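So this one's query.pdb, PDB, C-alpha atoms:
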```pdb
ATOM      1  CA  MET A   1     -46.887  -8.032  22.650
ATOM      2  CA  SER A   2     -45.510  -8.358  19.126
ATOM      3  CA  LYS A   3     -44.953  -5.284  17.007
ATOM      4  CA  MET A   4     -45.880  -5.089  13.333
ATOM      5  CA  VAL A   5     -43.212  -3.719  11.020
ATOM      6  CA  ALA A   6     -44.039  -2.602   7.480
ATOM      7  CA  ILE A   7     -41.509  -3.730   4.858
ATOM      8  CA  ARG A   8     -41.446  -2.134   1.437
ATOM      9  CA  VAL A   9     -41.216  -4.856  -1.198
ATOM     10  CA  PRO A  10     -40.480  -3.689  -4.769
ATOM     11  CA  ARG A  11     -43.020  -4.851  -7.352
ATOM     12  CA  ASN A  12     -40.611  -4.830 -10.298
ATOM     13  CA  MET A  13     -36.959  -4.140 -11.168
ATOM     14  CA  ARG A  14     -37.595  -0.447 -11.779
ATOM     15  CA  ALA A  15     -39.034  -0.007  -8.276
ATOM     16  CA  LYS A  16     -36.114  -1.968  -6.810
ATOM     17  CA  ARG A  17     -33.559   0.295  -8.516
ATOM     18  CA  GLU A  18     -35.302   3.357  -7.090
ATOM     19  CA  LEU A  19     -35.211   1.894  -3.572
ATOM     20  CA  LEU A  20     -31.493   1.145  -3.877
ATOM     21  CA  LYS A  21     -30.881   4.670  -5.164
ATOM     22  CA  HIS A  22     -32.464   6.208  -2.044
ATOM     23  CA  ALA A  23     -31.042   3.661   0.388
ATOM     24  CA  PRO A  24     -28.951   5.122   3.248
ATOM     25  CA  LYS A  25     -25.223   5.288   2.558
ATOM     26  CA  LEU A  26     -22.840   3.081   4.499
ATOM     27  CA  VAL A  27     -20.702   5.380   6.679
ATOM     28  CA  GLU A  28     -17.735   4.175   8.696
ATOM     29  CA  ASN A  29     -18.173   4.759  12.407
ATOM     30  CA  GLY A  30     -15.571   6.508  14.566
ATOM     31  CA  LYS A  31     -12.565   4.337  15.360
ATOM     32  CA  LYS A  32     -11.761   3.636  19.002
ATOM     33  CA  MET A  33      -8.247   3.784  20.429
ATOM     34  CA  LEU A  34      -6.813   1.147  22.760
ATOM     35  CA  ILE A  35      -4.057   2.320  25.159
ATOM     36  CA  LEU A  36      -1.826  -0.318  26.778
ATOM     37  CA  HIS A  37       1.175  -0.359  29.131
ATOM     38  CA  GLY A  38       4.214  -2.581  28.682
ATOM     39  CA  THR A  39       6.262  -4.419  31.298
ATOM     40  CA  LYS A  40       8.063  -1.211  32.253
ATOM     41  CA  THR A  41       6.847   2.331  31.663
ATOM     42  CA  SER A  42       8.674   5.479  32.687
ATOM     43  CA  THR A  43       7.042   8.476  34.365
ATOM     44  CA  VAL A  44       7.260  10.405  31.107
ATOM     45  CA  LEU A  45       5.557   7.625  29.176
ATOM     46  CA  LYS A  46       2.773   7.318  31.751
ATOM     47  CA  ASP A  47       2.055  11.036  31.348
ATOM     48  CA  VAL A  48       2.096  10.669  27.547
ATOM     49  CA  LEU A  49      -0.431   7.829  27.634
ATOM     50  CA  ALA A  50      -2.618   9.759  30.106
ATOM     51  CA  ASP A  51      -2.636  12.852  27.862
ATOM     52  CA  LEU A  52      -3.416  10.804  24.748
ATOM     53  CA  PHE A  53      -6.338   9.223  26.596
ATOM     54  CA  HIS A  54      -7.504  12.716  27.639
ATOM     55  CA  LEU A  55      -7.517  13.850  23.994
ATOM     56  CA  LYS A  56      -9.474  10.779  22.856
ATOM     57  CA  ARG A  57     -11.451   9.989  26.015
ATOM     58  CA  ASP A  58     -14.773   9.835  24.140
ATOM     59  CA  HIS A  59     -13.401   7.145  21.772
ATOM     60  CA  ALA A  60     -10.691   5.428  23.810
ATOM     61  CA  VAL A  61     -10.173   2.469  26.140
ATOM     62  CA  LYS A  62      -7.230   2.474  28.547
ATOM     63  CA  TYR A  63      -5.780  -0.520  30.416
ATOM     64  CA  THR A  64      -3.318   0.317  33.204
ATOM     65  CA  LYS A  65      -2.250  -3.254  33.963
ATOM     66  CA  LYS A  66       1.280  -4.242  32.864
ATOM     67  CA  ASN A  67       1.548  -6.633  29.922
ATOM     68  CA  ASP A  68       4.632  -8.852  29.744
ATOM     69  CA  ASN A  69       4.088 -10.804  26.535
ATOM     70  CA  ILE A  70       3.418  -7.991  24.032
ATOM     71  CA  ARG A  71       6.141  -7.617  21.366
ATOM     72  CA  PRO A  72       4.432  -6.009  18.364
ATOM     73  CA  PHE A  73       7.262  -6.387  15.825
ATOM     74  CA  GLU A  74       8.111 -10.010  16.688
ATOM     75  CA  SER A  75       6.397 -13.077  15.279
ATOM     76  CA  GLY A  76       3.797 -14.269  17.777
ATOM     77  CA  GLY A  77       4.253 -11.207  19.991
ATOM     78  CA  GLU A  78       1.190  -9.488  18.522
ATOM     79  CA  THR A  79      -1.282 -12.124  19.757
ATOM     80  CA  SER A  80      -2.103 -10.266  22.977
ATOM     81  CA  LEU A  81      -2.596  -6.997  21.078
ATOM     82  CA  GLU A  82      -5.075  -8.666  18.732
ATOM     83  CA  PHE A  83      -6.879 -10.241  21.712
ATOM     84  CA  PHE A  84      -7.281  -6.866  23.477
ATOM     85  CA  SER A  85      -8.355  -5.275  20.181
ATOM     86  CA  LEU A  86     -11.124  -7.863  19.773
ATOM     87  CA  LYS A  87     -12.125  -7.670  23.446
ATOM     88  CA  SER A  88     -12.473  -3.869  23.493
ATOM     89  CA  ASP A  89     -13.615  -3.506  19.841
ATOM     90  CA  CYS A  90     -10.783  -1.045  19.062
ATOM     91  CA  SER A  91      -9.064  -0.723  15.686
ATOM     92  CA  LEU A  92      -6.381   1.798  16.794
ATOM     93  CA  LEU A  93      -3.546   0.818  19.161
ATOM     94  CA  VAL A  94      -1.132   2.779  21.348
ATOM     95  CA  TYR A  95       1.407   0.702  23.292
ATOM     96  CA  GLY A  96       3.975   2.268  25.636
ATOM     97  CA  SER A  97       7.104   0.582  26.990
ATOM     98  CA  HIS A  98      10.484   1.603  28.400
ATOM     99  CA  SER A  99      13.846  -0.176  28.258
ATOM    100  CA  LYS A 100      17.528   0.645  28.160
ATOM    101  CA  LYS A 101      17.709  -0.121  24.428
ATOM    102  CA  ARG A 102      14.527   1.793  23.549
ATOM    103  CA  PRO A 103      13.694   4.419  26.202
ATOM    104  CA  ASN A 104      10.250   6.060  26.217
ATOM    105  CA  ASN A 105       9.080   3.823  23.384
ATOM    106  CA  LEU A 106       5.659   4.378  21.821
ATOM    107  CA  VAL A 107       4.097   2.033  19.250
ATOM    108  CA  LEU A 108       1.182   3.258  17.133
ATOM    109  CA  GLY A 109      -0.761   0.580  15.286
ATOM    110  CA  ARG A 110      -3.871  -0.168  13.280
ATOM    111  CA  THR A 111      -5.816  -3.395  12.929
ATOM    112  CA  TYR A 112      -7.958  -4.887  10.184
ATOM    113  CA  ASP A 113     -10.529  -7.465  11.246
ATOM    114  CA  HIS A 114      -8.806  -7.343  14.678
ATOM    115  CA  HIS A 115      -5.472  -8.464  13.200
ATOM    116  CA  ILE A 116      -2.364  -6.261  13.046
ATOM    117  CA  TYR A 117      -2.446  -4.155   9.872
ATOM    118  CA  ASP A 118       0.568  -1.854  10.270
ATOM    119  CA  LEU A 119       2.836  -0.420  13.004
ATOM    120  CA  VAL A 120       5.033   2.633  13.635
ATOM    121  CA  GLU A 121       7.462   2.779  16.559
ATOM    122  CA  VAL A 122       8.653   6.168  17.829
ATOM    123  CA  GLY A 123      10.710   7.449  20.714
ATOM    124  CA  VAL A 124       9.318  10.325  22.806
ATOM    125  CA  GLU A 125      11.682  13.219  23.584
ATOM    126  CA  ASN A 126      11.294  16.769  24.980
ATOM    127  CA  TYR A 127       7.826  16.011  26.273
ATOM    128  CA  LYS A 128       5.612  18.709  27.839
ATOM    129  CA  SER A 129       2.322  17.643  29.402
ATOM    130  CA  ILE A 130      -1.051  19.412  29.304
ATOM    131  CA  GLU A 131      -0.722  20.429  32.956
ATOM    132  CA  SER A 132       2.534  22.322  32.280
ATOM    133  CA  TYR A 133       0.790  24.902  30.054
ATOM    134  CA  ALA A 134      -0.861  27.994  31.491
ATOM    135  CA  TYR A 135      -3.681  29.463  29.393
ATOM    136  CA  ASP A 136      -7.252  30.675  29.623
ATOM    137  CA  LYS A 137      -9.310  27.562  30.390
ATOM    138  CA  LYS A 138     -12.154  28.941  28.282
ATOM    139  CA  LEU A 139      -9.988  28.126  25.246
ATOM    140  CA  ALA A 140      -9.673  24.465  26.216
ATOM    141  CA  PRO A 141     -10.846  22.233  23.317
ATOM    142  CA  LYS A 142     -14.239  20.689  23.890
ATOM    143  CA  LEU A 143     -14.899  16.971  23.952
ATOM    144  CA  GLY A 144     -15.750  15.404  20.595
ATOM    145  CA  THR A 145     -14.683  18.322  18.353
ATOM    146  CA  LYS A 146     -12.805  17.635  15.128
ATOM    147  CA  PRO A 147      -9.264  18.988  14.862
ATOM    148  CA  PHE A 148      -7.331  20.607  12.044
ATOM    149  CA  PHE A 149      -3.998  19.114  10.988
ATOM    150  CA  ALA A 150      -0.954  20.962   9.688
ATOM    151  CA  PHE A 151       2.032  18.961   8.380
ATOM    152  CA  ILE A 152       5.004  21.221   7.765
ATOM    153  CA  GLY A 153       8.123  20.026   5.942
ATOM    154  CA  GLU A 154       8.979  18.307   2.659
ATOM    155  CA  HIS A 155      10.070  15.131   4.468
ATOM    156  CA  PHE A 156       6.408  14.157   4.862
ATOM    157  CA  GLU A 157       6.301  13.685   1.072
ATOM    158  CA  SER A 158       9.774  12.266   0.397
ATOM    159  CA  VAL A 159      10.590   9.998   3.379
ATOM    160  CA  ASP A 160       8.614   6.741   3.601
ATOM    161  CA  GLU A 161       8.855   6.558   7.425
ATOM    162  CA  LEU A 162       7.344  10.043   7.847
ATOM    163  CA  LYS A 163       4.681   9.312   5.227
ATOM    164  CA  HIS A 164       3.664   6.306   7.292
ATOM    165  CA  LEU A 165       3.734   8.327  10.540
ATOM    166  CA  LYS A 166       1.535  11.006   8.936
ATOM    167  CA  GLU A 167      -1.086   8.396   7.972
ATOM    168  CA  MET A 168      -0.963   6.953  11.479
ATOM    169  CA  LEU A 169      -1.410  10.312  13.245
ATOM    170  CA  LEU A 170      -4.311  11.274  10.986
ATOM    171  CA  ASP A 171      -6.091   7.978  11.607
ATOM    172  CA  HIS A 172      -5.566   8.138  15.384
ATOM    173  CA  PHE A 173      -6.752  11.714  15.990
ATOM    174  CA  LYS A 174      -9.088  12.718  13.121
ATOM    175  CA  GLY A 175     -12.249  11.527  14.880
ATOM    176  CA  GLU A 176     -15.479  10.617  13.123
ATOM    177  CA  VAL A 177     -15.979  11.113   9.380
ATOM    178  CA  VAL A 178     -18.474  13.925   8.664
ATOM    179  CA  GLU A 179     -19.819  15.489   5.450
ATOM    180  CA  ASN A 180     -20.381  19.041   6.717
ATOM    181  CA  LEU A 181     -18.332  21.016   9.226
ATOM    182  CA  ASN A 182     -19.243  24.124  11.207
ATOM    183  CA  LEU A 183     -16.262  26.461  11.454
ATOM    184  CA  ALA A 184     -17.352  27.664  14.886
ATOM    185  CA  GLY A 185     -17.083  24.094  16.186
ATOM    186  CA  VAL A 186     -13.437  23.663  15.136
ATOM    187  CA  ASP A 187     -11.448  24.714  18.187
ATOM    188  CA  ARG A 188      -8.064  22.923  17.971
ATOM    189  CA  ILE A 189      -5.247  21.921  15.648
ATOM    190  CA  PHE A 190      -2.358  19.454  15.609
ATOM    191  CA  VAL A 191       0.787  21.005  14.167
ATOM    192  CA  CYS A 192       3.420  18.466  13.052
ATOM    193  CA  THR A 193       6.805  19.796  11.848
ATOM    194  CA  ALA A 194       9.383  17.543  10.203
ATOM    195  CA  ILE A 195      12.655  18.645  11.834
ATOM    196  CA  SER A 196      14.703  15.889  10.157
ATOM    197  CA  PRO A 197      14.054  12.736   8.068
ATOM    198  CA  THR A 198      13.433  10.812  11.320
ATOM    199  CA  THR A 199      12.131  13.428  13.801
ATOM    200  CA  VAL A 200       8.756  15.183  13.991
ATOM    201  CA  TYR A 201       7.838  17.915  16.475
ATOM    202  CA  MET A 202       4.151  17.575  17.358
ATOM    203  CA  MET A 203       2.151  20.139  19.349
ATOM    204  CA  HIS A 204      -1.524  20.549  20.187
ATOM    205  CA  CYS A 205      -2.990  24.069  19.999
ATOM    206  CA  ALA A 206      -6.343  25.696  20.635
ATOM    207  CA  LEU A 207      -7.844  28.009  18.017
ATOM    208  CA  ARG A 208      -8.931  31.504  18.982
ATOM    209  CA  LEU A 209     -11.293  33.184  16.490
ATOM    210  CA  LYS A 210     -10.968  36.975  16.182
ATOM    211  CA  ARG A 211     -12.602  39.599  14.010
ATOM    212  CA  SER A 212     -10.894  40.316  10.717
ATOM    213  CA  GLY A 213     -13.313  42.758   9.069
ATOM    214  CA  THR A 214     -14.450  40.069   6.608
ATOM    215  CA  SER A 215     -16.758  37.061   6.743
ATOM    216  CA  ILE A 216     -13.761  34.810   7.445
ATOM    217  CA  PRO A 217     -12.456  35.239  11.017
ATOM    218  CA  ARG A 218      -8.776  35.572  11.882
ATOM    219  CA  MET A 219      -7.328  32.615  13.768
ATOM    220  CA  GLU A 220      -4.712  32.610  16.490
ATOM    221  CA  LEU A 221      -2.982  29.539  17.893
ATOM    222  CA  VAL A 222      -2.680  29.049  21.651
ATOM    223  CA  GLU A 223      -0.526  26.098  22.685
ATOM    224  CA  VAL A 224      -2.417  23.959  25.207
ATOM    225  CA  GLY A 225      -0.365  20.746  25.109
ATOM    226  CA  PRO A 226       0.791  18.141  24.926
ATOM    227  CA  SER A 227       3.878  18.643  22.784
ATOM    228  CA  MET A 228       6.736  16.243  22.055
ATOM    229  CA  ASP A 229       9.404  15.138  19.599
ATOM    230  CA  LEU A 230       8.628  11.838  17.882
ATOM    231  CA  VAL A 231      11.743  10.002  16.642
ATOM    232  CA  VAL A 232      10.870   7.201  14.210
ATOM    233  CA  ARG A 233      12.639   3.929  15.083
ATOM    234  CA  ARG A 234      10.857   1.122  13.233
ATOM    235  CA  HIS A 235       7.806   0.775  11.040
ATOM    236  CA  GLN A 236       5.951  -2.120   9.416
ATOM    237  CA  ARG A 237       3.805  -1.735   6.313
ATOM    238  CA  PRO A 238       0.980  -4.151   5.425
ATOM    239  CA  SER A 239       1.354  -6.656   2.601
ATOM    240  CA  GLU A 240      -0.109  -5.755  -0.801
ATOM    241  CA  SER A 241      -2.839  -8.401  -0.583
ATOM    242  CA  LEU A 242      -3.897  -7.272   2.911
ATOM    243  CA  GLN A 243      -3.852  -3.615   1.873
ATOM    244  CA  LYS A 244      -5.981  -4.357  -1.200
ATOM    245  CA  GLU A 245      -8.517  -6.258   0.900
ATOM    246  CA  ALA A 246      -8.671  -3.551   3.599
ATOM    247  CA  MET A 247      -9.177  -0.745   1.061
ATOM    248  CA  LYS A 248     -12.337  -2.273  -0.410
ATOM    249  CA  ALA A 249     -15.277   0.077   0.054
ATOM    250  CA  PRO A 250     -18.531  -1.481   1.312
ATOM    251  CA  GLY A 251     -21.496  -1.329  -1.017
ATOM    252  CA  HIS A 252     -24.503  -3.208  -2.315
ATOM    253  CA  ALA A 253     -23.751  -6.683  -3.609
ATOM    254  CA  LYS A 254     -23.987  -7.004  -7.371
ATOM    255  CA  LYS A 255     -26.988  -9.120  -8.327
ATOM    256  CA  VAL A 256     -26.451 -12.050 -10.675
ATOM    257  CA  LYS A 257     -29.207 -12.372 -13.274
ATOM    258  CA  ASN A 258     -31.496 -15.410 -13.247
ATOM    259  CA  VAL A 259     -29.982 -16.798 -10.019
ATOM    260  CA  THR A 260     -31.916 -17.136  -6.751
ATOM    261  CA  ASN A 261     -31.056 -18.539  -3.335
ATOM    262  CA  ASN A 262     -33.564 -20.966  -1.886
ATOM    263  CA  PRO A 263     -33.210 -21.774   1.838
ATOM    264  CA  ILE A 264     -34.156 -25.392   1.157
ATOM    265  CA  ASP A 265     -32.696 -26.215  -2.268
ATOM    266  CA  GLY A 266     -29.830 -23.710  -2.135
ATOM    267  CA  LYS A 267     -28.678 -21.847  -5.242
ATOM    268  CA  GLU A 268     -31.039 -22.119  -8.196
ATOM    269  CA  GLY A 269     -30.619 -20.875 -11.750
ATOM    270  CA  ARG A 270     -33.075 -20.244 -14.593
ATOM    271  CA  ILE A 271     -32.124 -21.077 -18.191
ATOM    272  CA  TYR A 272     -34.011 -19.674 -21.173
ATOM    273  CA  ILE A 273     -34.217 -21.943 -24.259
ATOM    274  CA  PRO A 274     -35.738 -20.552 -27.481
ATOM    275  CA  ASP A 275     -38.632 -22.360 -29.213
ATOM    276  CA  GLN A 276     -37.365 -25.185 -31.418
ATOM    277  CA  GLU A 277     -38.710 -25.461 -34.968
ATOM    278  CA  VAL A 278     -38.294 -29.077 -35.970
ATOM    279  CA  SER A 279     -38.922 -28.363 -39.650
ATOM    280  CA  LYS A 280     -35.829 -26.136 -39.823
ATOM    281  CA  LEU A 281     -33.487 -28.500 -37.954
ATOM    282  CA  THR A 282     -30.703 -30.097 -40.010
ATOM    283  CA  LEU A 283     -30.421 -33.824 -39.390
ATOM    284  CA  THR A 284     -27.097 -35.578 -39.886
ATOM    285  CA  SER A 285     -26.601 -39.129 -41.036
ATOM    286  CA  ASP A 286     -24.884 -40.141 -37.785
ATOM    287  CA  ILE A 287     -28.084 -40.783 -35.861
ATOM    288  CA  LYS A 288     -28.276 -44.240 -34.287
ATOM    289  CA  GLY A 289     -31.782 -44.795 -35.548
ATOM    290  CA  LEU A 290     -30.703 -44.152 -39.149
ATOM    291  CA  LYS A 291     -27.716 -46.479 -38.750
ATOM    292  CA  ARG A 292     -30.030 -49.250 -37.595
ATOM    293  CA  GLU A 293     -32.309 -48.666 -40.596
ATOM    294  CA  ARG A 294     -29.323 -48.837 -42.978
ATOM    295  CA  ARG A 295     -28.159 -52.083 -41.434
ATOM    296  CA  GLU A 296     -31.626 -53.603 -41.765
ATOM    297  CA  ALA A 297     -31.964 -52.414 -45.404
ATOM    298  CA  LYS A 298     -28.554 -53.869 -46.256
ATOM    299  CA  LYS A 299     -29.471 -57.158 -44.606
ATOM    300  CA  ASN A 300     -32.771 -57.320 -46.506
ATOM    301  CA  LYS A 301     -30.951 -56.561 -49.768
ATOM    302  CA  GLU A 302     -28.486 -59.393 -49.193
ATOM    303  CA  ASN A 303     -31.310 -61.797 -48.393
ATOM    304  CA  SER A 304     -33.129 -60.849 -51.606
ATOM    305  CA  LYS A 305     -29.967 -61.471 -53.657
ATOM    306  CA  LYS A 306     -29.559 -64.923 -52.113
ATOM    307  CA  GLN A 307     -33.113 -65.734 -52.961
ATOM    308  CA  LYS A 308     -32.532 -64.777 -56.620
ATOM    309  CA  VAL A 309     -29.345 -66.833 -56.872
ATOM    310  CA  ASN A 310     -30.887 -69.952 -55.275
ATOM    311  CA  PRO A 311     -34.512 -70.198 -56.501
ATOM    312  CA  GLU A 312     -36.585 -73.011 -55.134
TER     313      GLU A 312
END
```
Taking this structure as input, can you express it in the form of structure tokens?
Amino acid sequence: MSKMVAIRVPRNMRAKRELLKHAPKLVENGKKMLILHGTKTSTVLKDVLADLFHLKRDHAVKYTKKNDNIRPFESGGETSLEFFSLKSDCSLLVYGSHSKKRPNNLVLGRTYDHHIYDLVEVGVENYKSIESYAYDKKLAPKLGTKPFFAFIGEHFESVDELKHLKEMLLDHFKGEVVENLNLAGVDRIFVCTAISPTTVYMMHCALRLKRSGTSIPRMELVEVGPSMDLVVRRHQRPSESLQKEAMKAPGHAKKVKNVTNNPIDGKEGRIYIPDQEVSKLTLTSDIKGLKRERREAKKNKENSKKQKVNPE
């Protein structure tokens, strides 16, 4: 059985502008994180990937199979990453690998249109898992809550590598974009401290709200894990053209006046020509019709002269 749907069609341009004014805003949905394993992964790195999946389990996809042909920073080595990004519809990437040259290696990445946008490679040191912390389980952060972020240290503003890492961490763990936030629903915070120009200490804490005698409660931090040192090794920024294209905000397409699209004839345009007043038009002497008349008059004049010179 077919269902009838009522469609509001504007009668004039004023009504159309009002409909566009009250149209629902385009809001970006929550980004999903893709977690992948490399050819070799250490025990520490497996725990790191498991904890990251636990923190983002409502917006994350994890593959445990080993991947041999993923080399994010090499030409052609990002093909598999882009394939998995398209397959799982994820725009955030976390790739873990372990080797003698780069032990406990973690690559954080973002994609645009399922193609690699930018990458940051870090080494994981001094890692402590969620299970190693003892605390009241009632304080455990709830699934889907938005976290606070605290970035401590001037290196986040002066060092390009840490600026890039800050952007990456915010994009990976901020969750969905919301307009209003209930303070009672904020129950955790990521604290990132720049120890040196290349090292960041990152810890995950729960927030405990206590009475302060005012309308604003007093907050206490309870470390719930994980925590780790992130040592920046390599990073790759997007090109200016790609960055400009990715930063475009979606919106309503600008209408071109007097142009319509016909499914049969294609693009059609309307041209307005004012009324022509023939009496006010200025005629030049270069008109073909006038030239012909001049030629005929000249010919007739010559014939009349010949007749006068040679009378019968």
To test the calculation: enclose all listed atoms of stretch 82-92 of chain A in a box whose edges run along x, y and z, add 5 Å on each side, then state centre and edge lengths in Å to one decimal, as JSON.
```
{"center_x": -9.3, "center_y": -4.2, "center_z": 19.6, "size_x": 18.5, "size_y": 22.0, "size_z": 17.8}
```
Exercise. On this file, the PyMOL selection byres ((chain A and resi 229-232) around 8) gives some set of residues; write that set as a ChimeraX atom specification.
Key: /A:120-127,161-162,198-202,227-228,233-235
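Taking atom CA of A:Met33 and atom CA of A:Glu179 as the two end points, the separation is 22.3 Å.
In this comparison, which uses only C-alpha atoms, the residue of A:Gly175, A:Pro103, A:Pro217, A:Pro238 approaching A:Ser42 most closely is A:Pro103.
A straight line drawn from atom CA of A:Leu170 to atom CA of A:Tyr135 is 25.9 Å long.
Note that atom CA of A:Pro72 and atom CA of A:His114 are 13.8 Å apart.
Near (-4.6, 0.6, 31.2), the residues inside the 8 Å limit, counting all atoms listed in the file, come to Ile35, Leu36, His37, Val61, Lys62, Tyr63, Thr64, Lys65 and Lys66 of chain A.
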Quiz prompt | Residues within 8 Å of A:Gly185, all atoms listed in the file, excluding chain neighbours under 3 positions, as a ChimeraX atom specification | solution = /A:145-146,181-182
Quiz prompt | Near-stretch 270-276 of chain A list (12 Å; only C-alpha atoms; drop same-chain fewer than 5 positions) as JSON, numbers by chain | solution = {"A": [256, 257, 258, 259, 260, 261, 281, 282]}
Pull C-alpha atoms from the residues just selected and write them as a compact mmCIF listing (two decimals), in the coordinates of the input.
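Final output, saved to selection.txt:
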```
# COMPACT_ATOMS: atom_id res chain seq x y z
CA VAL A 256 -26.45 -12.05 -10.68
CA LYS A 257 -29.21 -12.37 -13.27
CA ASN A 258 -31.50 -15.41 -13.25
CA VAL A 259 -29.98 -16.80 -10.02
CA THR A 260 -31.92 -17.14 -6.75
CA ASN A 261 -31.06 -18.54 -3.34
CA LEU A 281 -33.49 -28.50 -37.95
CA THR A 282 -30.70 -30.10 -40.01
```
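Using only C-alpha atoms, the smallest distance between any of A:Asp68, A:Asp113, A:Glu240, A:Glu18 and A:Ser85 comes from A:Asp113.
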Practice problem: Could you check which of A:Val178, A:Ile70, A:Ala206, A:Val107 is closest to A:Phe84, using all atoms listed in the file? | Solution: A:Ile70
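Every protein or nucleic acid residue with an atom no more than 8 Å from A:Asp51, counting all atoms listed in the file and leaving out same-chain residues fewer than 5 positions away, appears here: Ser129, Ile130 and Pro226 of chain A.
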Self-check item: Residues returned when the PyMOL selection byres ((chain A and resi 192) around 8) runs on this file, as a PyMOL selection string
Solution: chain A and resi 149-152+190-191+193-194+200-203
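Using all atoms listed in the file, the smallest distance between any of A:Asn180, A:Ser132, A:Ser304, A:Gln236 and A:Gly109 comes from A:Gln236.
With distances taken over all atoms listed in the file, A:Thr111 is the one residue among A:Ser215, A:Thr111, A:Ser239, A:Asn303 lying closest to A:His172.
Restricting the calculation to only C-alpha atoms, the smallest distance between A:Thr39 and any of A:Phe83, A:Tyr117, A:Phe173, A:Tyr95 is found for A:Tyr95.
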Could you tell me which residues the PyMOL selection byres ((chain A and resi 219-224) around 6) returns for this structure, as a PDB file with C-alpha atoms, in the coordinates of the input?
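Output saved as selection_0.pdb:
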```pdb
ATOM      1  CA  TYR A 133       0.790  24.902  30.054  1.00  0.00           C
ATOM      2  CA  CYS A 205      -2.990  24.069  19.999  1.00  0.00           C
ATOM      3  CA  ALA A 206      -6.343  25.696  20.635  1.00  0.00           C
ATOM      4  CA  LEU A 207      -7.844  28.009  18.017  1.00  0.00           C
ATOM      5  CA  ARG A 208      -8.931  31.504  18.982  1.00  0.00           C
ATOM      6  CA  LEU A 209     -11.293  33.184  16.490  1.00  0.00           C
ATOM      7  CA  ARG A 218      -8.776  35.572  11.882  1.00  0.00           C
ATOM      8  CA  GLY A 225      -0.365  20.746  25.109  1.00  0.00           C
TER       9      GLY A 225
END
```
Quiz prompt | Residues within 9 Å of A:Lys31, only C-alpha atoms, excluding chain neighbours under 6 positions, as a PyMOL selection string | solution = chain A and resi 59-60+90-92+171-172+175-176
